[in-house]
Structure formats: structure tokens, C-alpha cells
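Source file: work-v4.cif; contents: mmCIF, C-alpha atoms.
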data_my_file
loop_
_atom_site.group_PDB
_atom_site.id
_atom_site.type_symbol
_atom_site.label_atom_id
_atom_site.label_comp_id
_atom_site.auth_asym_id
_atom_site.auth_seq_id
_atom_site.Cartn_x
_atom_site.Cartn_y
_atom_site.Cartn_z
ATOM 1 C CA MET G 438 -129.021 241.630 -114.376
ATOM 2 C CA ALA G 439 -128.236 238.509 -116.400
ATOM 3 C CA ARG G 440 -124.960 238.316 -118.245
ATOM 4 C CA THR G 441 -125.799 235.416 -120.554
ATOM 5 C CA ALA G 442 -124.254 236.892 -123.700
ATOM 6 C CA LEU G 443 -121.208 238.544 -122.231
ATOM 7 C CA SER G 444 -120.338 235.841 -119.730
ATOM 8 C CA ARG G 445 -119.081 233.609 -122.529
ATOM 9 C CA MET G 446 -115.511 234.771 -122.237
ATOM 10 C CA SER G 447 -112.150 233.075 -122.032
ATOM 11 C CA TRP G 448 -109.125 234.249 -120.104
ATOM 12 C CA GLU G 449 -106.819 232.231 -122.374
ATOM 13 C CA GLY G 450 -108.107 233.367 -125.769
ATOM 14 C CA TYR G 451 -110.304 232.141 -128.596
ATOM 15 C CA THR G 452 -110.305 229.692 -131.444
ATOM 16 C CA LEU G 453 -110.964 231.610 -134.646
ATOM 17 C CA GLN G 454 -113.608 230.562 -137.105
ATOM 18 C CA SER G 455 -110.826 229.843 -139.557
ATOM 19 C CA ALA G 456 -111.140 229.054 -143.230
ATOM 20 C CA GLN G 457 -110.821 225.260 -143.270
ATOM 21 C CA THR G 458 -107.239 225.095 -142.031
ATOM 22 C CA ALA G 459 -105.909 221.709 -140.985
ATOM 23 C CA SER G 460 -105.758 222.799 -137.349
ATOM 24 C CA PRO G 461 -107.828 225.616 -135.812
ATOM 25 C CA THR G 462 -106.177 228.974 -135.161
ATOM 26 C CA PHE G 463 -106.008 230.018 -131.516
ATOM 27 C CA ILE G 464 -105.549 233.675 -130.609
ATOM 28 C CA PRO G 465 -104.377 234.404 -127.043
ATOM 29 C CA SER G 466 -105.988 237.099 -124.905
ATOM 30 C CA PHE G 467 -102.884 239.307 -125.150
ATOM 31 C CA VAL G 468 -101.407 240.065 -128.566
ATOM 32 C CA TYR G 469 -98.034 241.819 -128.525
ATOM 33 C CA GLY G 470 -98.288 245.060 -130.491
ATOM 34 C CA THR G 471 -95.216 246.196 -132.429
ATOM 35 C CA ALA G 472 -96.128 249.644 -133.778
ATOM 36 C CA TRP G 473 -93.662 252.524 -133.326
ATOM 37 C CA LYS G 474 -90.872 250.397 -131.844
ATOM 38 C CA ARG G 475 -88.444 251.143 -134.672
ATOM 39 C CA ASP G 476 -84.963 249.664 -134.227
ATOM 40 C CA ARG G 477 -85.929 248.105 -130.891
ATOM 41 C CA THR G 478 -88.529 245.884 -132.539
ATOM 42 C CA ALA G 479 -86.559 242.636 -132.841
ATOM 43 C CA GLY G 480 -85.326 242.735 -129.255
ATOM 44 C CA LEU G 481 -88.736 243.601 -127.841
ATOM 45 C CA VAL G 482 -90.500 240.875 -129.815
ATOM 46 C CA HIS G 483 -87.939 238.346 -128.605
ATOM 47 C CA GLN G 484 -88.387 239.557 -125.008
ATOM 48 C CA ALA G 485 -92.168 239.401 -125.266
ATOM 49 C CA ILE G 486 -92.119 235.817 -126.534
ATOM 50 C CA THR G 487 -89.481 234.799 -123.995
ATOM 51 C CA ASN G 488 -91.655 236.173 -121.199
ATOM 52 C CA GLY G 489 -94.796 234.369 -122.310
ATOM 53 C CA PHE G 490 -96.528 236.231 -125.125
ATOM 54 C CA ARG G 491 -97.697 233.843 -127.832
ATOM 55 C CA ALA G 492 -99.218 236.292 -130.298
ATOM 56 C CA VAL G 493 -97.615 239.123 -132.269
ATOM 57 C CA ASP G 494 -99.246 241.856 -134.357
ATOM 58 C CA THR G 495 -97.441 243.823 -137.066
ATOM 59 C CA ALA G 496 -98.099 245.393 -140.485
ATOM 60 C CA ALA G 497 -96.518 245.790 -143.902
ATOM 61 C CA GLN G 498 -96.321 249.513 -143.222
ATOM 62 C CA PRO G 499 -92.728 250.755 -142.799
ATOM 63 C CA LYS G 500 -94.087 254.138 -141.733
ATOM 64 C CA HIS G 501 -95.089 252.748 -138.323
ATOM 65 C CA TYR G 502 -93.845 249.138 -138.171
ATOM 66 C CA ARG G 503 -90.640 247.212 -138.745
ATOM 67 C CA GLU G 504 -92.168 243.984 -139.974
ATOM 68 C CA ASP G 505 -88.727 242.751 -141.002
ATOM 69 C CA LEU G 506 -87.481 243.100 -137.426
ATOM 70 C CA VAL G 507 -90.623 241.450 -136.079
ATOM 71 C CA GLY G 508 -89.662 238.434 -138.164
ATOM 72 C CA GLU G 509 -86.100 238.622 -136.866
ATOM 73 C CA GLY G 510 -87.296 238.592 -133.257
ATOM 74 C CA ILE G 511 -89.620 235.650 -133.905
ATOM 75 C CA ARG G 512 -86.878 233.676 -135.669
ATOM 76 C CA LYS G 513 -84.513 234.261 -132.756
ATOM 77 C CA ALA G 514 -87.103 233.008 -130.267
ATOM 78 C CA ILE G 515 -87.699 229.918 -132.406
ATOM 79 C CA GLY G 516 -83.970 229.373 -132.876
ATOM 80 C CA ASP G 517 -83.347 229.699 -129.141
ATOM 81 C CA GLY G 518 -85.890 226.964 -128.504
ATOM 82 C CA VAL G 519 -88.219 229.315 -126.614
ATOM 83 C CA VAL G 520 -91.191 228.470 -128.799
ATOM 84 C CA ARG G 521 -92.236 226.574 -131.914
ATOM 85 C CA ARG G 522 -93.767 228.389 -134.856
ATOM 86 C CA GLU G 523 -96.982 226.382 -134.487
ATOM 87 C CA ASP G 524 -97.376 227.711 -130.940
ATOM 88 C CA LEU G 525 -97.449 231.319 -132.120
ATOM 89 C CA TYR G 526 -100.214 233.473 -133.553
ATOM 90 C CA ILE G 527 -98.676 235.875 -136.078
ATOM 91 C CA GLN G 528 -100.793 238.634 -137.573
ATOM 92 C CA THR G 529 -99.908 241.309 -140.090
ATOM 93 C CA LYS G 530 -101.766 243.834 -142.189
ATOM 94 C CA PHE G 531 -102.146 245.249 -145.660
ATOM 95 C CA THR G 532 -102.026 249.038 -145.513
ATOM 96 C CA SER G 533 -103.441 250.958 -148.458
ATOM 97 C CA VAL G 534 -101.603 253.816 -150.177
ATOM 98 C CA HIS G 535 -103.064 256.585 -148.013
ATOM 99 C CA GLY G 536 -101.576 254.996 -144.885
ATOM 100 C CA GLN G 537 -98.073 254.505 -146.302
ATOM 101 C CA ASP G 538 -94.964 256.646 -146.477
ATOM 102 C CA PRO G 539 -94.792 257.671 -150.166
ATOM 103 C CA ASP G 540 -91.045 257.001 -150.163
ATOM 104 C CA ASP G 541 -91.173 253.621 -148.447
ATOM 105 C CA MET G 542 -93.965 251.174 -149.162
ATOM 106 C CA PRO G 543 -93.980 247.448 -149.977
ATOM 107 C CA TYR G 544 -95.639 247.814 -153.393
ATOM 108 C CA ASP G 545 -95.997 250.081 -156.412
ATOM 109 C CA PRO G 546 -98.621 252.710 -155.500
ATOM 110 C CA ASN G 547 -99.591 252.965 -159.151
ATOM 111 C CA ALA G 548 -100.399 249.261 -159.427
ATOM 112 C CA SER G 549 -103.921 247.908 -159.152
ATOM 113 C CA VAL G 550 -105.299 247.126 -155.711
ATOM 114 C CA THR G 551 -105.034 243.426 -156.522
ATOM 115 C CA ASP G 552 -101.366 243.733 -157.462
ATOM 116 C CA GLN G 553 -100.677 245.836 -154.370
ATOM 117 C CA ILE G 554 -102.164 243.055 -152.237
ATOM 118 C CA HIS G 555 -100.005 240.397 -153.886
ATOM 119 C CA ALA G 556 -96.807 242.424 -153.472
ATOM 120 C CA SER G 557 -97.609 243.263 -149.848
ATOM 121 C CA VAL G 558 -98.407 239.646 -148.971
ATOM 122 C CA GLN G 559 -95.202 238.404 -150.584
ATOM 123 C CA SER G 560 -93.161 240.954 -148.632
ATOM 124 C CA SER G 561 -94.862 239.836 -145.403
ATOM 125 C CA LEU G 562 -94.241 236.156 -146.120
ATOM 126 C CA HIS G 563 -90.574 236.996 -146.659
ATOM 127 C CA ASN G 564 -90.307 239.160 -143.538
ATOM 128 C CA LEU G 565 -92.072 236.619 -141.335
ATOM 129 C CA ARG G 566 -90.340 233.513 -142.705
ATOM 130 C CA PRO G 567 -89.449 230.865 -140.101
ATOM 131 C CA THR G 568 -85.681 230.757 -140.752
ATOM 132 C CA ALA G 569 -83.045 233.175 -142.015
ATOM 133 C CA GLU G 570 -82.806 231.431 -145.388
ATOM 134 C CA PRO G 571 -84.822 233.425 -147.970
ATOM 135 C CA GLU G 572 -86.249 230.238 -149.475
ATOM 136 C CA SER G 573 -87.988 229.437 -146.165
ATOM 137 C CA ALA G 574 -90.544 232.085 -147.148
ATOM 138 C CA GLU G 575 -92.003 229.373 -149.378
ATOM 139 C CA ASP G 576 -92.861 227.359 -146.276
ATOM 140 C CA THR G 577 -94.246 230.083 -144.046
ATOM 141 C CA TYR G 578 -97.811 231.075 -143.324
ATOM 142 C CA ILE G 579 -99.583 233.950 -141.618
ATOM 143 C CA ASP G 580 -102.214 233.190 -139.009
ATOM 144 C CA SER G 581 -104.248 236.275 -139.840
ATOM 145 C CA LEU G 582 -103.925 239.074 -142.372
ATOM 146 C CA VAL G 583 -105.931 242.197 -141.659
ATOM 147 C CA LEU G 584 -106.923 245.089 -143.893
ATOM 148 C CA HIS G 585 -105.494 248.016 -141.949
ATOM 149 C CA SER G 586 -108.607 249.993 -142.803
ATOM 150 C CA PRO G 587 -111.360 249.942 -145.422
ATOM 151 C CA LEU G 588 -110.199 251.299 -148.754
ATOM 152 C CA PRO G 589 -111.718 254.524 -150.149
ATOM 153 C CA THR G 590 -114.626 252.678 -151.798
ATOM 154 C CA MET G 591 -116.422 249.442 -150.982
ATOM 155 C CA ALA G 592 -115.554 248.171 -154.461
ATOM 156 C CA GLN G 593 -111.834 248.663 -153.730
ATOM 157 C CA THR G 594 -112.232 247.127 -150.286
ATOM 158 C CA MET G 595 -113.813 244.015 -151.758
ATOM 159 C CA GLU G 596 -111.191 243.871 -154.534
ATOM 160 C CA ALA G 597 -108.534 243.773 -151.824
ATOM 161 C CA TRP G 598 -110.495 241.207 -149.823
ATOM 162 C CA SER G 599 -110.979 238.972 -152.850
ATOM 163 C CA ALA G 600 -107.253 239.079 -153.598
ATOM 164 C CA LEU G 601 -106.501 238.063 -150.004
ATOM 165 C CA GLU G 602 -108.969 235.198 -150.255
ATOM 166 C CA THR G 603 -106.766 233.562 -152.899
ATOM 167 C CA TYR G 604 -104.165 232.873 -150.160
ATOM 168 C CA VAL G 605 -106.634 231.199 -147.804
ATOM 169 C CA PRO G 606 -106.319 228.679 -146.231
ATOM 170 C CA HIS G 607 -102.716 227.636 -146.948
ATOM 171 C CA ARG G 608 -100.553 230.772 -146.864
ATOM 172 C CA ILE G 609 -102.999 232.885 -144.838
ATOM 173 C CA HIS G 610 -105.258 231.138 -142.354
ATOM 174 C CA ASN G 611 -107.682 233.942 -141.458
ATOM 175 C CA LEU G 612 -108.691 237.399 -142.637
ATOM 176 C CA GLY G 613 -109.746 240.465 -140.703
ATOM 177 C CA ILE G 614 -110.226 244.201 -140.825
ATOM 178 C CA SER G 615 -109.102 247.117 -138.659
ATOM 179 C CA ASN G 616 -110.396 250.648 -138.104
ATOM 180 C CA THR G 617 -113.808 249.718 -139.417
ATOM 181 C CA THR G 618 -117.389 250.723 -138.772
ATOM 182 C CA LEU G 619 -120.302 248.354 -138.306
ATOM 183 C CA PRO G 620 -121.893 249.114 -141.722
ATOM 184 C CA VAL G 621 -118.632 248.300 -143.515
ATOM 185 C CA LEU G 622 -118.180 245.136 -141.469
ATOM 186 C CA ARG G 623 -121.744 244.018 -142.272
ATOM 187 C CA GLU G 624 -121.101 244.607 -145.972
ATOM 188 C CA ILE G 625 -117.899 242.557 -145.941
ATOM 189 C CA VAL G 626 -119.622 239.712 -144.114
ATOM 190 C CA SER G 627 -122.441 239.724 -146.660
ATOM 191 C CA LEU G 628 -120.141 239.751 -149.703
ATOM 192 C CA ALA G 629 -117.027 237.820 -148.712
ATOM 193 C CA LYS G 630 -116.422 234.134 -149.344
ATOM 194 C CA VAL G 631 -113.962 234.062 -146.444
ATOM 195 C CA LYS G 632 -115.690 235.832 -143.570
ATOM 196 C CA PRO G 633 -113.774 238.132 -141.210
ATOM 197 C CA ALA G 634 -112.339 236.280 -138.221
ATOM 198 C CA VAL G 635 -111.026 239.359 -136.386
ATOM 199 C CA VAL G 636 -111.796 243.065 -136.105
ATOM 200 C CA GLN G 637 -109.089 245.308 -134.665
ATOM 201 C CA ASN G 638 -110.442 248.676 -133.512
ATOM 202 C CA ARG G 639 -109.564 251.383 -131.045
ATOM 203 C CA PHE G 640 -111.641 250.866 -127.883
ATOM 204 C CA TYR G 641 -112.563 254.314 -126.615
ATOM 205 C CA GLY G 642 -115.397 256.712 -125.843
ATOM 206 C CA GLY G 643 -115.190 258.468 -129.205
ATOM 207 C CA THR G 644 -116.933 255.499 -130.805
ATOM 208 C CA GLN G 645 -119.056 254.757 -127.721
ATOM 209 C CA PHE G 646 -116.712 251.811 -127.142
ATOM 210 C CA ASP G 647 -117.956 250.091 -130.310
ATOM 211 C CA VAL G 648 -120.838 248.537 -128.366
ATOM 212 C CA PRO G 649 -123.093 247.638 -131.353
ATOM 213 C CA LEU G 650 -120.095 246.502 -133.424
ATOM 214 C CA ARG G 651 -118.826 244.274 -130.609
ATOM 215 C CA ALA G 652 -122.306 242.821 -130.140
ATOM 216 C CA TYR G 653 -122.298 241.979 -133.856
ATOM 217 C CA CYS G 654 -118.867 240.381 -133.485
ATOM 218 C CA ARG G 655 -120.096 238.214 -130.623
ATOM 219 C CA GLU G 656 -123.122 237.167 -132.668
ATOM 220 C CA TYR G 657 -120.937 236.092 -135.604
ATOM 221 C CA ARG G 658 -118.074 234.793 -133.442
ATOM 222 C CA ILE G 659 -115.651 237.401 -134.735
ATOM 223 C CA VAL G 660 -112.875 238.206 -132.264
ATOM 224 C CA TYR G 661 -112.671 241.887 -131.392
ATOM 225 C CA GLN G 662 -109.100 243.124 -130.869
ATOM 226 C CA SER G 663 -108.939 246.215 -128.684
ATOM 227 C CA PHE G 664 -106.035 248.614 -129.221
ATOM 228 C CA TRP G 665 -105.017 251.865 -127.516
ATOM 229 C CA THR G 666 -106.918 250.402 -124.580
ATOM 230 C CA LEU G 667 -104.912 252.296 -121.962
ATOM 231 C CA THR G 668 -103.824 255.404 -123.849
ATOM 232 C CA ALA G 669 -107.297 256.363 -125.019
ATOM 233 C CA ASN G 670 -109.093 255.645 -121.743
ATOM 234 C CA PRO G 671 -107.585 257.512 -118.764
ATOM 235 C CA GLU G 672 -111.089 258.006 -117.367
ATOM 236 C CA LEU G 673 -111.710 254.258 -117.365
ATOM 237 C CA VAL G 674 -108.408 253.605 -115.596
ATOM 238 C CA GLN G 675 -109.589 255.917 -112.792
ATOM 239 C CA SER G 676 -113.149 254.556 -112.737
ATOM 240 C CA LYS G 677 -114.711 252.849 -109.727
ATOM 241 C CA PRO G 678 -114.912 249.303 -111.182
ATOM 242 C CA VAL G 679 -111.286 249.362 -112.344
ATOM 243 C CA GLN G 680 -110.052 250.747 -109.041
ATOM 244 C CA SER G 681 -112.181 248.244 -107.124
ATOM 245 C CA LEU G 682 -110.879 245.267 -109.115
ATOM 246 C CA ALA G 683 -107.281 246.422 -108.716
ATOM 247 C CA LYS G 684 -107.735 246.805 -104.958
ATOM 248 C CA SER G 685 -109.472 243.425 -104.598
ATOM 249 C CA THR G 686 -106.831 241.489 -106.537
ATOM 250 C CA GLY G 687 -103.605 243.422 -106.056
ATOM 251 C CA VAL G 688 -103.041 243.857 -109.790
ATOM 252 C CA SER G 689 -102.230 247.214 -111.391
ATOM 253 C CA THR G 690 -105.037 249.476 -112.553
ATOM 254 C CA ALA G 691 -103.828 248.935 -116.121
ATOM 255 C CA ALA G 692 -104.147 245.171 -115.731
ATOM 256 C CA ALA G 693 -107.547 245.579 -114.065
ATOM 257 C CA LEU G 694 -108.777 247.568 -117.069
ATOM 258 C CA TYR G 695 -107.432 244.894 -119.406
ATOM 259 C CA GLY G 696 -109.272 242.240 -117.402
ATOM 260 C CA LEU G 697 -112.585 244.082 -117.531
ATOM 261 C CA VAL G 698 -112.288 244.677 -121.276
ATOM 262 C CA LEU G 699 -111.622 240.963 -121.722
ATOM 263 C CA GLY G 700 -114.685 240.343 -119.563
ATOM 264 C CA LEU G 701 -116.860 241.974 -122.214
ATOM 265 C CA GLY G 702 -116.571 238.745 -124.185
ATOM 266 C CA GLN G 703 -115.090 237.601 -127.523
ATOM 267 C CA THR G 704 -112.331 240.157 -127.008
ATOM 268 C CA THR G 705 -108.533 240.180 -127.069
ATOM 269 C CA ILE G 706 -106.165 243.063 -126.344
ATOM 270 C CA LEU G 707 -103.115 244.488 -128.078
ATOM 271 C CA ASN G 708 -100.474 244.994 -125.414
ATOM 272 C CA GLY G 709 -97.411 246.857 -126.626
ATOM 273 C CA THR G 710 -95.473 247.432 -123.417
ATOM 274 C CA THR G 711 -91.737 247.966 -123.865
ATOM 275 C CA LYS G 712 -90.820 247.051 -120.274
ATOM 276 C CA VAL G 713 -89.985 243.461 -119.409
ATOM 277 C CA GLU G 714 -91.351 243.851 -115.895
ATOM 278 C CA HIS G 715 -94.713 244.912 -117.333
ATOM 279 C CA MET G 716 -94.731 241.989 -119.777
ATOM 280 C CA LYS G 717 -94.339 239.596 -116.864
ATOM 281 C CA ALA G 718 -96.733 241.454 -114.578
ATOM 282 C CA ASP G 719 -99.513 241.718 -117.163
ATOM 283 C CA LEU G 720 -99.398 238.003 -117.977
ATOM 284 C CA THR G 721 -99.335 237.113 -114.276
ATOM 285 C CA ALA G 722 -102.232 239.497 -113.654
ATOM 286 C CA LEU G 723 -104.420 237.585 -116.106
ATOM 287 C CA LYS G 724 -103.981 234.444 -114.018
ATOM 288 C CA THR G 725 -104.741 236.402 -110.838
ATOM 289 C CA LEU G 726 -107.903 237.867 -112.365
ATOM 290 C CA GLU G 727 -109.001 234.491 -113.663
ATOM 291 C CA GLN G 728 -108.630 233.044 -110.170
ATOM 292 C CA PHE G 729 -110.552 235.962 -108.659
ATOM 293 C CA SER G 730 -113.404 235.554 -111.172
ATOM 294 C CA SER G 731 -113.596 231.887 -110.219
ATOM 295 C CA ASP G 732 -113.248 232.215 -106.448
ATOM 296 C CA LYS G 733 -115.233 235.448 -106.038
ATOM 297 C CA THR G 734 -117.795 234.999 -108.778
ATOM 298 C CA GLU G 735 -120.402 237.379 -107.360
ATOM 299 C CA ASP G 736 -117.844 240.111 -106.688
ATOM 300 C CA TRP G 737 -116.445 239.729 -110.197
ATOM 301 C CA GLN G 738 -119.919 239.900 -111.731
ATOM 302 C CA ASP G 739 -120.820 242.994 -109.697
ATOM 303 C CA ILE G 740 -117.658 244.806 -110.774
ATOM 304 C CA LEU G 741 -118.139 243.744 -114.383
ATOM 305 C CA GLU G 742 -121.745 244.957 -114.389
ATOM 306 C CA ASP G 743 -120.563 248.344 -113.100
ATOM 307 C CA PHE G 744 -118.066 248.404 -115.955
ATOM 308 C CA ASP G 745 -120.846 247.535 -118.421
ATOM 309 C CA GLN G 746 -122.663 250.681 -117.321
ATOM 310 C CA LEU G 747 -119.611 252.790 -118.201
ATOM 311 C CA THR G 748 -119.121 251.274 -121.651
ATOM 312 C CA GLY G 749 -122.813 250.956 -122.524
ATOM 313 C CA ASP G 750 -122.752 247.174 -122.812
ATOM 314 C CA HIS G 751 -125.585 246.885 -120.272
ATOM 315 C CA VAL G 752 -128.002 247.847 -123.060
ATOM 316 C CA TYR G 753 -127.262 244.522 -124.784
ATOM 317 C CA LEU G 754 -127.887 242.562 -121.583
ATOM 318 C CA GLU G 755 -131.371 243.817 -120.822
#
Will you turn the file into C-alpha cells for me?
Amino acid sequence: MARTALSRMSWEGYTLQSAQTASPTFIPSFVYGTAWKRDRTAGLVHQAITNGFRAVDTAAQPKHYREDLVGEGIRKAIGDGVVRREDLYIQTKFTSVHGQDPDDMPYDPNASVTDQIHASVQSSLHNLRPTAEPESAEDTYIDSLVLHSPLPTMAQTMEAWSALETYVPHRIHNLGISNTTLPVLREIVSLAKVKPAVVQNRFYGGTQFDVPLRAYCREYRIVYQSFWTLTANPELVQSKPVQSLAKSTGVSTAAALYGLVLGLGQTTILNGTTKVEHMKADLTALKTLEQFSSDKTEDWQDILEDFDQLTGDHVYLE
């Protein structure tokens, strides 16, 4: 079986089809996820960057994220000389009213969608500013801002998208959408001036692993960001191709699953581990898997084709 379409993958990451920014936006294969980390957020973000992560995902949604502490962790890493801002990919989200805590949201829920977008973006620029001084928010930018989900109507979704477009390319470099279906994604692509650069969806059997949507993303060079990759897929972790890859390379079964998902092409993964040893091991595992795919090309392709059968991707290779 030929793997022409899906073989075009990168172990390092992808350059986004950004909106005319001065320098292209690069998104690494692993993006550090910051949901549900509460008061530990700043320390974990700093640890992740210190141990090699170069991408961070958050949201202007106090219900599940501490975007302010994400910014604190990033500023500490920059201040410590661990990394420069231009070497990081920072992504946040606009979360609509239905996804917010009624008592704690970054905008007036009674305002128009457009005004909600503006207030949310300003709060994110402040939270993710490069230095502690409040005025440094005037100099910051966000690599990608994602709609956390489509709004209740397509008209509202496009109102939000149009408001975000006013920040591109200077304050926001790329736009994306999360928790979306293929019909909604197609509609946004057809209507938007600034096309989606990323789609962040849960990769799991309940949506048949988003096979048609991911094929569409590959066609339009949209990067698919897989989240809940481990939690939602215990059966994949125990599957033959994952177990075989782990045994052949000596990496963990979790890392083997990550590698095979990356092997599907035009895909990155949210990795939200809270353990330093796992941060290090997962990043090292990517290098091990890359070497294996290079040295044992036929073995890698055989394992990946078995994995394609489990996810349904083989249909798009025939």
C-alpha cells in the first residue's frame, strides 16, 4: 500500500500557512497543554520550557485555564535565559459564553460577540506579555488564536472570526478553531479572509478519529492538533502496532502512540504531562522514533500501515 499522502510528515513540526507575517510561524510536534493545572500552571510551564518544549497552549477561560500563570511561567523562562520569545509558539483561545464560568470570564457576557472578542484578546495580550511591566502588552503578539468551539450559529461564528481577523497579522499571527466538525470547517474556509491555520480536536473513536476532517486539513495544509490523545484511547495504547513500536524502539507505549499519531501527517499533539521525567522522556522518544523511522524504514511503514487500519486512514491511501 502506498503512503504518498500520509508520508509527508515531520518529526520536528510544521510551518503554518500564516497570514503574511514577517517570519513564518513554526509549530513544534509537541505543544504543552495547560488545562486544569490551576495554581501549578506557572511552575509547570516553566519546567516544560526548561526541559525542551517550545510550544504552549492555553485559553482565556478561567474555568479551566490559568492564562495569567501561563504568561508568568513563560516570562520566567525568558528572564532566566532559557529561551527567547521568538523561539516559542504561544497559542490561546477565545471561549464563548457557554464555555465560561458565569462568575469569572474575561468579558461582559451581555456584550456583542465582536466586543467579547476584543475584550478577550486584550486580556490575553496582557496575560501573555513578554515582561512583567503592564505596558509590555503593547509589544506582545500571539502566534495563534483559536476559537475554542464554533459559536451557536454560523453567523455568530463568522462574526467572531471577522473580529479576530482585525488583529492579523501583527498582534495575532494565525487563526484556528477547536472542537469543530468538517462541515463547519469547510464553511469557515469558504467565508474567511484569513483561513484557519490549525484545528484542535479530540482524537478518538467517537468521531472515527476525524479521518475525513484530517484528510481535508492535509489537503489545505491546516495543522491538526490532537488532544486527549492518551486519555481517550486506551484501546490504541494496547493495540498491536503501538505495542510493536514500543518494543522495537524501547520507548513507552504512550510515546509510541504519540509517534504513530504524528505519523498520520500534518499533525501535532497536545502533551500536558505534569511530571518532569515524562517531559524529558517524551521529547527524547521523538528523537528515538525519528531515528527508527529512518534506519528501519520498512518496519516503520509496516507498523504505521497497521495503525492506519485501526484509525481508518487506510481508506484515504487506496
Exercise. Kindly indicate which residue among G:Pro543, G:Pro671, G:Pro678, G:Gly687 lies nearest to G:Ala556, using only C-alpha atoms for the distances.
Key: G:Pro543
Closest pair table for stretch 555-671 of chain G residues within 6 Å of stretch 519-529 of chain G, only C-alpha atoms, as a Markdown table:
| residue | atom | partner | partner_atom | distance |
| --- | --- | --- | --- | --- |
| G:Ile579 | CA | G:Ile527 | CA | 5.9 |
| G:Asp580 | CA | G:Ile527 | CA | 5.3 |
| G:Ser581 | CA | G:Gln528 | CA | 4.8 |
| G:Leu582 | CA | G:Thr529 | CA | 5.1 |
Save out the residues we just selected, C-alpha atoms, as a compact mmCIF listing (two decimals), keeping the file's coordinate frame.
# COMPACT_ATOMS: atom_id res chain seq x y z
CA ILE G 579 -99.58 233.95 -141.62
CA ASP G 580 -102.21 233.19 -139.01
CA SER G 581 -104.25 236.28 -139.84
CA LEU G 582 -103.92 239.07 -142.37
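Surrounding stretch 609-611 of chain G within 9 Å are Leu453, Gln454, Ser455, Ala456, Gln457, Thr458, Pro461, Thr462, Tyr578, Ile579, Asp580, Ser581, Leu582, Val583, Leu601, Glu602, Thr603, Tyr604, Val631, Lys632, Pro633, Ala634 and Val635 of chain G, with only C-alpha atoms counted and residues fewer than 5 positions along the same chain left out.
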Exercise. Mind checking which residues fall within 12 Å of G:Ala600, counting only C-alpha atoms, ignoring those fewer than 2 positions away in the same chain, and posting them as a VMD selection string?
Key: chain G and resid 531 549 to 558 582 584 593 to 598 602 to 605 609 612 629 to 631
Exercise. For each of G:Ser599, G:Val626, G:Leu747, G:Glu672, take the minimum atom-to-atom distance to G:Tyr657, counting all atoms listed in the file, then give the residue where this is smallest.
Key: G:Val626
Practice problem: Grab the atom CA of G:Pro546 to atom CA of G:Val534 distance for me, in Å with one decimal place. | Solution: 6.2 Å
Exercise. Between atom CA of G:Ala574 and atom CA of G:Gly508, measure the distance and give it in Å to one decimal.
Key: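 If I compute the distance from atom CA of G:Ala574 to atom CA of G:Gly508, I get 11.0 Å.
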Quiz prompt | Spatial neighbours of stretch 699-704 of chain G, 8 Å, only C-alpha atoms, chain gap at least 2 places, as a PyMOL selection string | solution = chain G and resi 442-448+451+466+654-655+658-663+695-697+706+741+745+750
Quiz item: Given the file above and the PyMOL selection byres ((chain G and resi 487) around 10), which residues are selected, and can you give them as a PyMOL selection string?
Solution: chain G and resi 481-486+488-491+511+514-515+517-520+713+716-717
Quiz prompt | Explicit residue set for the PyMOL selection byres ((chain G and resi 621) around 12), as a list in words | solution = Ser586, Pro587, Leu588, Pro589, Thr590, Met591, Ala592, Thr594, Met595, Ile614, Ser615, Asn616, Thr617, Thr618, Leu619, Pro620, Leu622, Arg623, Glu624, Ile625, Val626, Ser627, Leu628, Ala629, Pro633, Val636 and Leu650 of chain G
Quiz prompt | Residue among G:Ala479, G:Asp736, G:Ser561, G:Ala693 lying closest to G:Lys724, counting all atoms listed in the file | solution =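 Once distances to G:Lys724 are computed over all atoms listed in the file, the minimum belongs to G:Ala693.
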Self-check item: Counting all atoms listed in the file, the option among G:Val468, G:Val688, G:Leu694, G:Ala683 closest to G:Thr668
Solution: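 Using all atoms listed in the file, G:Thr668 sits closest to G:Leu694.
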Practice problem: Might you pull out every residue within 12 Å of G:Trp737, with only C-alpha atoms counted and same-chain residues fewer than 3 positions away left off, and present them as an MDAnalysis selection string? | Solution: chainID G and resid 440 444 678:679 681:683 685:686 693 696:697 700 726:734 740:744
